[in-house]
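A.B. asks: What follows is a structure written as structure tokens; I'll ask about it next.
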Amino acid sequence: MKALTYHSAKDVRVENVPDPMLQQDDDILLRVTATAICGSDLHIFRGKIPAMKSGDILGHEFMGIVEEVGAAVTKVKKGDRVVVPFTISCGHCYFCGRRMFAACETTNTGRGAIMNKKNVRPGAGLFGYSHLYGGYSGGQAEYVRVPKANSGPLVIPPGLADERVLFLSDILPTGYQAVANAELGPGSSVAIFGAGPVGLMAAACARLVGVERIFMIDELDYRLRFAAETYGVEPINFREVDDPAELIIERTDFRGVDASIDAVGFEAKGSAVETMLTDLKLEGSSGKALRQAIAATRRGGVVSVPGVYAGFIHGFLFGDAFEKGLVFRMGQTHTQRHMPELLEHIQAGRLHPEVIITHHLALEDAARGYAIFEQAEESCRKVVLTPGGPRSEAMSPGSATTAPRTP
Ligand SMILES: NC(=O)c1ccc[n+]([C@@H]2O[C@H](COP(=O)([O-])OP(=O)(O)OC[C@H]3O[C@@H](n4cnc5c(N)ncnc54)[C@H](O)[C@@H]3O)[C@@H](O)[C@H]2O)c1
Ligand SMILES: [Zn+2]
Ligand SMILES: [Zn+2]
């Protein structure tokens, strides 16, 4: 089969690789019908995630048709159309029992990503996300083995196009969990740092729960413009406004927003020194977005962090967070927890996650998709890949944005 494989930084290729096979009784084999490139894949693409091996198959946002089922699979059957969460979770361990699926203790045979780990068990395995996270093959492929099929894949009812439900696999639950963690509701205010796919999904979910005011910060005008048109955010370009938090404080009666969402993560731009130190691996993460989030949030507010962080941050300014009495919530998304509810919102027309798609490409063009998304070329917001090529009506970039302009 064909699959997108990693070789080294900026070198990914679509190659012929052996077909996957069932390995455990509760595995299924999936024929992939649609898969996407995530901002998390860009960390790998840039060579920032350790424990990658040449030939590893990437991709953790995917859906398709069940081709084969293991003997112990009861939740799905051959022929079902399913979306698969990026977190591989057993469904019955200590953490799965608490619906903390990203903390599943049984699916990651790698070392996990905690540096000062003592003997703590690693969290859940992830598809296509290095040998730190279990070394599972990903779904930017024609076929993929899906373990723990009684706890992950969600069956999609007929009548919903792939594009409408694909993001249930990751970025939609991630935006939703970021909003839930931020304790947002009717009348509240939020600053979302990062207008990438995760920031946009957070904006959609913030509107869904009745948030009144959304500030959105990025350096890419085309993403900010889209967010302003689609979700009514107040855009702030940090290349034009040197200190977005200062402006947000001024516009909120000198208090700050109820919560900030950091949808950027450890590769945050805007501090040349921190970018250089992280490139040299002297620093784990850039603290630029986090410091802005702390500064923009009112006393007693929440800083919610879906953006991925790694290792040390020396410029964290924990003292300001203490003085303001802030709450921090963060982590990988407990994807399985949110998927059924979000599917209902999509079915009822309350969420239209597909409006962010700009590029429909064939899986065979995946390497080009990575380059376009990483360089933010062609006003790229989100790339969807289809094995064998995109359906003809969905070919032109931006065609999906003709869908209704509601969240
Ligand atoms: N927690 C989870 O389970 C989970 C799931 C999916 C993605 N993620 C993470 O979420 C983050 C965002 O993902 P994405 O798909 O939107 O990626 P993306 O790279 O497309 O978006 C990031 C955006 O942040 C902007 N940015 C850079 N520096 C900034 C700064 N200092 N202030 C404000 N904006 C800045 C970039 O211009 C870009 O538009 C990534 O770190 C990704 O790994 C986490
Ligand atoms: Zn992802
Ligand atoms: Zn578990």
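Order determines the names: the first chain of the structure tokens is A, the second B, and so forth; residues in each chain are numbered 1 upward, and ligands are numbered 1 upward as they are shown.
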Compile the contact shell of Tyr94 in chain A as a list in words: residues with an atom at most 10 Å away, counting only C-alpha atoms, same-chain residues fewer than 3 positions apart removed.
C.D. replies: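 Contacts, with the query itself left out: Gly91, Gly97, Arg98, Arg99, Met100, Phe101, Ala103, Cys104, Glu105 and Thr106 of chain A.
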A.B. asks: How would the residues just picked look written out with C-alpha atoms as a CSV table (one decimal), in the first residue's frame?
C.D. replies:
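Dumped everything to result_25.csv:
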chain,number,residue,atom,x,y,z
A,91,GLY,CA,-11.3,1.8,27.8
A,97,GLY,CA,-12.3,4.4,33.9
A,98,ARG,CA,-12.1,8.1,34.8
A,99,ARG,CA,-12.7,9.1,31.1
A,100,MET,CA,-9.1,10.4,31.0
A,101,PHE,CA,-8.4,8.5,27.8
A,103,ALA,CA,-3.7,9.0,30.2
A,104,CYS,CA,-4.5,5.4,29.4
A,105,GLU,CA,-1.9,3.3,31.1
A,106,THR,CA,-1.9,0.2,28.9
A.B. asks: Show me, as a PyMOL selection string, the residues that have an atom within 9 Å of Ala206 in chain A when counting only C-alpha atoms, minus same-chain residues fewer than 3 positions from it.
C.D. replies: chain A and resi 175-176+179-180+184-185+190+201-203+209-212+214+407
A.B. asks: Give me the residues within 12 Å of Ala141 in chain A as a ChimeraX atom specification, counting only C-alpha atoms and dropping any in the same chain fewer than 6 places off.
C.D. replies: /A:1-5,13-20,29-37,56-64,127-128,362-366,385-388
A.B. asks: Which residue, A:Ser130, A:Ser260, A:Ser89, A:Asn150, has the smallest gap to Gly300 in chain A when you use only C-alpha atoms?
C.D. replies: A:Ser260
A.B. asks: Would you kindly return, as a list in words, each protein, DNA or RNA residue with an atom no farther than 9 Å from any atom of Glu68 in chain A, considering only C-alpha atoms and excluding same-chain residues fewer than 2 positions away?
C.D. replies: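 Returned residues: Leu22, Asp27, Ile28, Leu29, Leu30, Val66, Gly70, Lys77, Lys78 and Gly79 of chain A.
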A.B. asks: Do a neighbour search on Ile192 in chain A at 7 Å with only C-alpha atoms, toss out local chain neighbours closer than 2 positions, and write the hits as a PyMOL selection string.
C.D. replies: chain A and resi 190+194+199+215-217+260-263
A.B. asks: Name the closest residue to ligand 3 among the candidates A:Gln23, A:Thr74, A:Ser379, A:Ser151; distances are taken between atoms, counting only C-alpha atoms and all ligand atoms.
C.D. replies: A:Ser151
A.B. asks: Nearest to Ala71 in chain A: which of A:Ile346, A:Ala149, A:Ala371, A:Val273 is it, counting only C-alpha atoms?
C.D. replies: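 So, comparing all the options, the nearest one is A:Ala149.
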A.B. asks: Point out the residue among A:Gly39, A:Gly319, A:Gly389, A:Pro153 with the least atom-to-atom distance to ligand 1, counting only C-alpha atoms and all ligand atoms.
C.D. replies: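 Smallest separation from ligand 1 among the options: A:Gly39.
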A.B. asks: Using only C-alpha atoms, determine which residues lie at most 8 Å from Gly125 in chain A, disregarding the query and same-chain residues fewer than 3 positions distant; provide the list as a list in words.
C.D. replies: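 Near Gly125 in chain A, the qualifying residues are Thr87, Ile88, Ser89, Cys104, Thr107, Asn108, Thr109, Tyr133, Gly134, Gly135 and Tyr136 of chain A.
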A.B. asks: Determine, for each residue of chain A having at least one atom at most 7 Å from an atom of ligand 1, the closest pair of atoms and their separation in Å to one decimal, counting only C-alpha atoms and all ligand atoms; order by chain and ascending number, as CSV.
C.D. replies:
residue,atom,partner,partner_atom_place_in_ligand_line,distance
A:Cys38,CA,ligand 1,15 (O),4.8
A:Gly39,CA,ligand 1,15 (O),3.2
A:Ser40,CA,ligand 1,43 (O),3.3
A:Leu42,CA,ligand 1,19 (O),6.8
A:His43,CA,ligand 1,43 (O),6.7
A:Asp170,CA,ligand 1,5 (C),5.8
A:Ile171,CA,ligand 1,6 (C),5.2
A:Thr174,CA,ligand 1,5 (C),5.3
A:Phe193,CA,ligand 1,33 (C),4.4
A:Gly194,CA,ligand 1,24 (O),3.6
A:Ala195,CA,ligand 1,39 (O),4.7
A:Gly196,CA,ligand 1,16 (O),3.4
A:Pro197,CA,ligand 1,16 (O),3.9
A:Val198,CA,ligand 1,16 (O),3.8
A:Gly199,CA,ligand 1,16 (O),5.5
A:Ile217,CA,ligand 1,33 (C),4.9
A:Asp218,CA,ligand 1,34 (N),3.8
A:Glu219,CA,ligand 1,37 (O),5.3
A:Leu220,CA,ligand 1,37 (O),5.6
A:Arg223,CA,ligand 1,39 (O),6.9
A:Phe238,CA,ligand 1,32 (N),6.8
A:Ala263,CA,ligand 1,12 (C),4.8
A:Val264,CA,ligand 1,24 (O),4.4
A:Gly265,CA,ligand 1,41 (O),4.1
A:Phe266,CA,ligand 1,41 (O),6.4
A:Glu267,CA,ligand 1,28 (N),6.8
A:Ala268,CA,ligand 1,28 (N),3.7
A:Lys269,CA,ligand 1,28 (N),3.8
A:Gly270,CA,ligand 1,31 (N),5.2
A:Lys288,CA,ligand 1,31 (N),5.4
A:Ala289,CA,ligand 1,31 (N),4.5
A:Pro306,CA,ligand 1,1 (N),3.9
A:Gly307,CA,ligand 1,10 (O),3.6
A:Val308,CA,ligand 1,41 (O),4.1
A:Gly331,CA,ligand 1,1 (N),5.1
A:Gln332,CA,ligand 1,3 (O),3.4
A:Thr333,CA,ligand 1,3 (O),3.9
A:Arg381,CA,ligand 1,20 (O),6.8
